[in-house]
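These notes concern the structure reproduced below.
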Amino acid sequence: VNIDQATVDGLVAVVRTARERGVVVLTHAKPDGDAVGSCAAAARTFERLGARAQVVFVGPVPRWTSEMMGPTPWIETPPGQPLAGGPGLDDAAVAIVDTGSWSQLGEVKSWLQMPGRRERTLMVDHHKHNDPDVGSVRVVDTDAASATQVLMRVLMLMLGAQSWQDIPREIAEPLYLGLATDTGWFRHSNTTAEVLATASILVQAGAEPAKLYELIEQREDAARLRLLSRALGSLRMEKGGRVAMMTLTKADYEAAGARRTDSGGFIDHPMTLAGVEVAALLTEEPPEAGTPIVKVSLRSKAFSPRAGFVPVDVNAVCRTFGGGGHARAAGAKIQGTVATVLPRLLAAIPD
Ligand SMILES: [Mn+2]
């Protein structure tokens with residue numbers, strides 16, 4: 001990622017404001033490993049530079065959030081409830097990480113759009129869909145595998161770090177977390193040589209891969225597995241076996257005793273099937289203003305032995321429904337029920 005002089009000047013100004021009045025660190029609602037890791041790394045960097053940092057998550061947050069965040073201050077605001085602000089928040093500088101889209105910042109949008117705030121807002125992201133008026137100091141690299149991959153360069157600049165020896169362990173660890181989780185633990189097609197080189201730097205700086213894997217991936221409870229069994233039970237193969245679809249309704253969550261965040265990663269299971277090129281998970285969300293909502297997660301493979309294979313750009317598919325993400329992983333929230341959304345989604349996936 002290229003960081004030009006104007007951006008460097010903007011960074012310096014944001015850090016100055018943060019030192020004087022603190023910094024609020026924000027990310028997308030329902031934060032994942034990259035979002036939580038980006039927030040922790042950014043907050044800890046600002047703290048090292050003498051600023052008071054406050055992370056504000058729009059929940060629900062993953063179950064491992066407390067352990068990952070440790071002593072770094074964070075609060076969780078309930079989904080659907082606009083951020084009220086208050087003393088210590090309203091004057092502060094702002095850092096937005098792992099998103100640059102108003103649709104993912106719903107609960108904090110009105111707070112962010114208060115006069116004078118945009119000018120002291122830093123935004124670091126790697127998503128294709130990005131609203132140009134989110135933040136004035138912007139570092140976006142849509143080729144990066146994770147927000148933390150972009151953020152590492154920004155934070156090293158802020159810390160004056162030249163090599164891994166200059167990256168503190170408590171910053172390397174959350175940066176590694178974002179890189180590892182957004183690449184599916186270095187299995188997805190975004191796992192490039194640069195990603196592995198970055199991971200190497202972060203491990204040298206003290207990140208512990210096996211410890212982080214255990215924390216994120218091996219602390220489940222039985223309710224999540226019961227929910228997975230219901231998702232797998234809903235599996236249907238479409239378009240001659242190229243597309244695998246799973247659905248989860250509110251009743252499935254209730255029967256399994258599971259939380260809304262418990263379906264994370266389920267989409268990887270249909271991706272294990274030979275012949276499957278696109279996988280979809282449709283989950284019933286709480287209605288918005290009385291309208292039923294279905295959340296769609298899509299994944300696609302970059303490789304297939306099939307003659308004439310063209311990878312499906314699931315970002316483009318989700319964009320037709322007002323969502324987005326990456327070419328191989330994207331999502332959307334669509335008005336309707338699982339029964340009505342499923343055929344529309346299927347029609348939007350190219351033959
Ligand atoms: Mn990310």
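Identifiers in the structure tokens: chain A, B, ... in order shown; residue index from 1 per chain; ligand index from 1 in order shown.
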Enumerate, in order of chain and increasing residue number, the residues of chain A with an atom no farther than 8 Å from ligand 1, each with its shortest atom pair and distance in Å to one decimal, counting only C-alpha atoms and all ligand atoms, as a Markdown table.
```
| residue | atom | partner | partner_atom_place_in_ligand_line | distance |
| --- | --- | --- | --- | --- |
| A:Asp32 | CA | ligand 1 | 1 (Mn) | 7.7 |
| A:Gly33 | CA | ligand 1 | 1 (Mn) | 7.8 |
| A:Asp34 | CA | ligand 1 | 1 (Mn) | 4.8 |
| A:Ala35 | CA | ligand 1 | 1 (Mn) | 6.2 |
| A:Asp98 | CA | ligand 1 | 1 (Mn) | 5.1 |
| A:Thr99 | CA | ligand 1 | 1 (Mn) | 7.5 |
| A:Asp125 | CA | ligand 1 | 1 (Mn) | 7.5 |
| A:His126 | CA | ligand 1 | 1 (Mn) | 6.7 |
| A:His127 | CA | ligand 1 | 1 (Mn) | 7.2 |
| A:Ala145 | CA | ligand 1 | 1 (Mn) | 7.3 |
| A:Ser146 | CA | ligand 1 | 1 (Mn) | 4.6 |
| A:Ala147 | CA | ligand 1 | 1 (Mn) | 5.0 |
| A:Thr148 | CA | ligand 1 | 1 (Mn) | 7.6 |
| A:Gly178 | CA | ligand 1 | 1 (Mn) | 6.9 |
| A:Asp182 | CA | ligand 1 | 1 (Mn) | 5.8 |
```
Using the selection just defined, write its residues with N, CA, C and O atoms as an mmCIF file, in the first residue's frame.
```cif
data_model
loop_
_atom_site.group_PDB
_atom_site.id
_atom_site.type_symbol
_atom_site.label_atom_id
_atom_site.label_comp_id
_atom_site.auth_asym_id
_atom_site.auth_seq_id
_atom_site.Cartn_x
_atom_site.Cartn_y
_atom_site.Cartn_z
ATOM 1 N N ASP A 32 -15.641 -9.336 13.476
ATOM 2 C CA ASP A 32 -14.998 -10.637 13.331
ATOM 3 C C ASP A 32 -13.541 -10.518 13.799
ATOM 4 O O ASP A 32 -13.161 -9.524 14.418
ATOM 5 N N GLY A 33 -12.738 -11.536 13.482
ATOM 6 C CA GLY A 33 -11.357 -11.541 13.946
ATOM 7 C C GLY A 33 -10.557 -10.362 13.422
ATOM 8 O O GLY A 33 -9.769 -9.754 14.154
ATOM 9 N N ASP A 34 -10.770 -10.031 12.155
ATOM 10 C CA ASP A 34 -10.036 -8.905 11.557
ATOM 11 C C ASP A 34 -10.470 -7.581 12.204
ATOM 12 O O ASP A 34 -9.646 -6.707 12.469
ATOM 13 N N ALA A 35 -11.773 -7.456 12.463
ATOM 14 C CA ALA A 35 -12.294 -6.217 13.047
ATOM 15 C C ALA A 35 -11.791 -6.029 14.479
ATOM 16 O O ALA A 35 -11.294 -4.952 14.838
ATOM 17 N N ASP A 98 -11.332 -1.761 9.175
ATOM 18 C CA ASP A 98 -11.989 -2.932 8.572
ATOM 19 C C ASP A 98 -13.383 -2.644 8.020
ATOM 20 O O ASP A 98 -14.161 -3.559 7.811
ATOM 21 N N THR A 99 -13.708 -1.402 7.800
ATOM 22 C CA THR A 99 -14.902 -1.050 7.032
ATOM 23 C C THR A 99 -14.764 0.397 6.589
ATOM 24 O O THR A 99 -14.041 1.178 7.206
ATOM 25 N N ASP A 125 -8.918 0.366 5.575
ATOM 26 C CA ASP A 125 -9.816 -0.715 5.139
ATOM 27 C C ASP A 125 -9.234 -1.472 3.944
ATOM 28 O O ASP A 125 -8.284 -1.024 3.301
ATOM 29 N N HIS A 126 -9.857 -2.616 3.666
ATOM 30 C CA HIS A 126 -9.452 -3.413 2.493
ATOM 31 C C HIS A 126 -10.663 -3.880 1.684
ATOM 32 O O HIS A 126 -10.511 -4.711 0.789
ATOM 33 N N HIS A 127 -11.860 -3.355 2.004
ATOM 34 C CA HIS A 127 -13.050 -3.793 1.274
ATOM 35 C C HIS A 127 -13.229 -3.014 -0.036
ATOM 36 O O HIS A 127 -12.881 -1.853 -0.126
ATOM 37 N N ALA A 145 -5.304 -8.749 2.071
ATOM 38 C CA ALA A 145 -6.118 -9.869 2.538
ATOM 39 C C ALA A 145 -6.918 -9.499 3.778
ATOM 40 O O ALA A 145 -8.006 -10.028 3.998
ATOM 41 N N SER A 146 -6.382 -8.620 4.595
ATOM 42 C CA SER A 146 -7.076 -8.231 5.829
ATOM 43 C C SER A 146 -6.862 -6.741 6.061
ATOM 44 O O SER A 146 -5.925 -6.149 5.530
ATOM 45 N N ALA A 147 -7.741 -6.176 6.887
ATOM 46 C CA ALA A 147 -7.523 -4.782 7.290
ATOM 47 C C ALA A 147 -6.220 -4.663 8.072
ATOM 48 O O ALA A 147 -5.516 -3.662 7.956
ATOM 49 N N THR A 148 -5.908 -5.700 8.857
ATOM 50 C CA THR A 148 -4.683 -5.611 9.665
ATOM 51 C C THR A 148 -3.426 -5.585 8.784
ATOM 52 O O THR A 148 -2.406 -5.044 9.198
ATOM 53 N N GLY A 178 -6.079 -10.809 12.684
ATOM 54 C CA GLY A 178 -6.871 -10.372 11.537
ATOM 55 C C GLY A 178 -6.421 -11.036 10.253
ATOM 56 O O GLY A 178 -7.243 -11.469 9.432
ATOM 57 N N ASP A 182 -9.000 -13.652 8.337
ATOM 58 C CA ASP A 182 -9.526 -13.234 7.029
ATOM 59 C C ASP A 182 -8.991 -14.082 5.868
ATOM 60 O O ASP A 182 -9.522 -14.018 4.756
#
```
**Request:** Name the residues of region 117-207 of chain A that come out as strand (DSSP E) in a backbone DSSP run; write them as a list of chain:residue names.
**Result:**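 Filtering region 117-207 of chain A down to strand (DSSP E) leaves A:Thr121, A:Leu122, A:Met123, A:Val124, A:Asp125, A:Val137, A:Arg138, A:Val139, A:Val140.
For Ala6 (chain A), the list of residues within 12 Å, based on only C-alpha atoms and with local chain neighbours fewer than 3 positions off taken out, reads Asn2, Ile3, Asp9, Gly10, Leu11, Val12, Ala13, Ser136, Val137, Arg138 and Val139 of chain A.
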Save out the residues we just selected, all heavy atoms, as a tab-separated table (two decimals), in the first residue's frame.
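Once everything was written out, this is part15.tsv:
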```
chain	number	residue	atom	x	y	z
A	2	ASN	N	0.47	2.18	-0.84
A	2	ASN	CA	1.22	3.43	-0.97
A	2	ASN	C	0.62	4.50	-0.05
A	2	ASN	O	-0.55	4.81	-0.16
A	2	ASN	CB	1.15	3.89	-2.43
A	2	ASN	CG	2.46	4.47	-2.88
A	2	ASN	OD1	3.50	4.22	-2.27
A	2	ASN	ND2	2.42	5.27	-3.94
A	3	ILE	N	1.40	5.03	0.85
A	3	ILE	CA	0.90	6.06	1.75
A	3	ILE	C	1.57	7.38	1.36
A	3	ILE	O	2.77	7.56	1.58
A	3	ILE	CB	1.18	5.70	3.23
A	3	ILE	CG1	0.53	4.35	3.57
A	3	ILE	CG2	0.64	6.79	4.15
A	3	ILE	CD1	0.76	3.87	4.98
A	9	ASP	N	0.60	13.49	6.54
A	9	ASP	CA	0.27	14.74	7.25
A	9	ASP	C	-1.04	14.59	8.02
A	9	ASP	O	-1.17	15.04	9.16
A	9	ASP	CB	0.17	15.92	6.27
A	9	ASP	CG	1.52	16.23	5.62
A	9	ASP	OD1	2.55	15.75	6.12
A	9	ASP	OD2	1.52	16.93	4.59
A	10	GLY	N	-2.02	13.97	7.36
A	10	GLY	CA	-3.32	13.74	8.01
A	10	GLY	C	-3.18	12.85	9.24
A	10	GLY	O	-3.80	13.10	10.27
A	11	LEU	N	-2.36	11.81	9.12
A	11	LEU	CA	-2.10	10.89	10.24
A	11	LEU	C	-1.52	11.64	11.43
A	11	LEU	O	-1.93	11.45	12.57
A	11	LEU	CB	-1.10	9.81	9.81
A	11	LEU	CG	-1.62	8.48	9.28
A	11	LEU	CD1	-0.46	7.60	8.87
A	11	LEU	CD2	-2.46	7.79	10.35
A	12	VAL	N	-0.55	12.50	11.14
A	12	VAL	CA	0.10	13.28	12.19
A	12	VAL	C	-0.94	14.14	12.92
A	12	VAL	O	-0.96	14.21	14.16
A	12	VAL	CB	1.23	14.16	11.61
A	12	VAL	CG1	1.75	15.16	12.65
A	12	VAL	CG2	2.37	13.28	11.09
A	13	ALA	N	-1.85	14.74	12.15
A	13	ALA	CA	-2.88	15.59	12.76
A	13	ALA	C	-3.84	14.77	13.62
A	13	ALA	O	-4.23	15.19	14.71
A	13	ALA	CB	-3.65	16.33	11.66
A	136	SER	N	-11.56	11.42	6.62
A	136	SER	CA	-10.81	12.30	5.72
A	136	SER	C	-9.39	11.80	5.49
A	136	SER	O	-8.80	12.07	4.45
A	136	SER	CB	-10.78	13.73	6.27
A	136	SER	OG	-10.07	13.77	7.48
A	137	VAL	N	-8.84	11.06	6.44
A	137	VAL	CA	-7.52	10.45	6.27
A	137	VAL	C	-7.76	8.98	5.98
A	137	VAL	O	-8.14	8.21	6.85
A	137	VAL	CB	-6.64	10.62	7.53
A	137	VAL	CG1	-5.25	10.07	7.29
A	137	VAL	CG2	-6.59	12.07	7.97
A	138	ARG	N	-7.58	8.59	4.70
A	138	ARG	CA	-8.03	7.28	4.26
A	138	ARG	C	-6.89	6.45	3.70
A	138	ARG	O	-6.14	6.90	2.82
A	138	ARG	CB	-9.11	7.44	3.18
A	138	ARG	CG	-10.34	8.23	3.66
A	138	ARG	CD	-11.15	8.75	2.50
A	138	ARG	NE	-11.52	7.67	1.58
A	138	ARG	CZ	-12.61	6.93	1.72
A	138	ARG	NH1	-13.45	7.16	2.69
A	138	ARG	NH2	-12.86	5.96	0.86
A	139	VAL	N	-6.75	5.24	4.21
A	139	VAL	CA	-5.78	4.30	3.66
A	139	VAL	C	-6.55	3.03	3.30
A	139	VAL	O	-6.98	2.28	4.17
A	139	VAL	CB	-4.65	3.98	4.66
A	139	VAL	CG1	-3.59	3.11	4.00
A	139	VAL	CG2	-4.03	5.26	5.21
```
**Request:** Compile the contact shell of region 154-159 of chain A as a list in words: residues with an atom at most 8 Å away, counting only C-alpha atoms, same-chain residues fewer than 4 positions apart removed.
**Result:** Leu11, Val12, Ala42, Thr45, Leu49, Val150 and Ile167 of chain A
**Message:** Neighbouring residues of region 70-82 of chain A were defined as those with any atom within 9 Å, considering only C-alpha atoms; residues of the same chain fewer than 3 positions away were excluded. Please report them as a list in words.
**Reply:** Val25, Ala29, Lys30, Ala40, Ala43, Arg44, Ala53, Gln54, Val55, Val56, Phe57, Val58, Gly59, Pro60, Val61, Thr65, Ser66, Glu67, Gly106, Glu107, Val108, Lys109, Ser110 and Trp111 of chain A
Taking the DSSP assignment computed from this structure's backbone, write out as a compact mmCIF listing (two decimals) with N, CA and C atoms, in the first residue's frame all residues of region 248-342 of chain A that belong to alpha helix (DSSP H).
```
# COMPACT_ATOMS: atom_id res chain seq x y z
N LYS A 250 -34.95 -18.56 12.53
CA LYS A 250 -35.02 -18.23 13.95
C LYS A 250 -35.31 -19.48 14.78
N ALA A 251 -36.20 -20.33 14.25
CA ALA A 251 -36.57 -21.57 14.96
C ALA A 251 -35.35 -22.48 15.12
N ASP A 252 -34.44 -22.49 14.13
CA ASP A 252 -33.22 -23.31 14.24
C ASP A 252 -32.35 -22.84 15.40
N TYR A 253 -32.17 -21.51 15.48
CA TYR A 253 -31.36 -20.96 16.58
C TYR A 253 -31.97 -21.31 17.93
N GLU A 254 -33.31 -21.19 18.01
CA GLU A 254 -33.99 -21.46 19.28
C GLU A 254 -33.85 -22.93 19.66
N ALA A 255 -34.07 -23.82 18.67
CA ALA A 255 -34.00 -25.26 18.96
C ALA A 255 -32.60 -25.67 19.41
N ALA A 256 -31.57 -25.00 18.84
CA ALA A 256 -30.20 -25.35 19.19
C ALA A 256 -29.73 -24.64 20.46
N ASP A 268 -18.04 -22.53 5.41
CA ASP A 268 -16.87 -23.29 4.96
C ASP A 268 -17.20 -24.77 4.72
N HIS A 269 -18.23 -25.27 5.39
CA HIS A 269 -18.53 -26.70 5.27
C HIS A 269 -18.98 -27.10 3.86
N PRO A 270 -19.99 -26.43 3.26
CA PRO A 270 -20.32 -26.80 1.87
C PRO A 270 -19.18 -26.54 0.88
N MET A 271 -18.26 -25.62 1.24
CA MET A 271 -17.11 -25.37 0.36
C MET A 271 -16.17 -26.57 0.31
N VAL A 314 -18.61 -13.18 -6.19
CA VAL A 314 -19.77 -13.09 -5.28
C VAL A 314 -19.96 -11.66 -4.76
N ASN A 315 -18.91 -10.83 -4.84
CA ASN A 315 -19.09 -9.41 -4.53
C ASN A 315 -20.10 -8.79 -5.50
N ALA A 316 -19.97 -9.13 -6.79
CA ALA A 316 -20.89 -8.60 -7.80
C ALA A 316 -22.31 -9.12 -7.54
N VAL A 317 -22.41 -10.40 -7.17
CA VAL A 317 -23.74 -10.96 -6.87
C VAL A 317 -24.38 -10.20 -5.71
N CYS A 318 -23.59 -9.98 -4.65
CA CYS A 318 -24.15 -9.32 -3.46
C CYS A 318 -24.45 -7.85 -3.72
N ARG A 319 -23.68 -7.23 -4.61
CA ARG A 319 -23.93 -5.82 -4.94
C ARG A 319 -25.32 -5.63 -5.54
N VAL A 338 -36.65 -16.48 4.05
CA VAL A 338 -35.73 -17.45 3.47
C VAL A 338 -36.33 -18.05 2.20
N ALA A 339 -37.64 -18.33 2.26
CA ALA A 339 -38.31 -18.98 1.12
C ALA A 339 -38.35 -18.06 -0.11
N THR A 340 -38.51 -16.74 0.10
CA THR A 340 -38.60 -15.85 -1.06
C THR A 340 -37.23 -15.39 -1.54
N VAL A 341 -36.26 -15.28 -0.61
CA VAL A 341 -34.94 -14.79 -1.00
C VAL A 341 -34.14 -15.86 -1.75
N LEU A 342 -34.32 -17.12 -1.33
CA LEU A 342 -33.50 -18.20 -1.91
C LEU A 342 -33.58 -18.28 -3.43
```
**Asked** Which neighbours of Glu238 (chain A) fall inside 12 Å, counting only C-alpha atoms, when residues of the same chain fewer than 3 positions from it are skipped, and could you give them as a list in words?
**Response** Leu235, Gly241, Arg242, Val243, Ala244, Met245, Met246, Gly275, Val276, Glu277, Val278, Ala279, Ala280, Leu342, Pro343, Leu345, Leu346, Ala347, Ile349, Pro350 and Asp351 of chain A
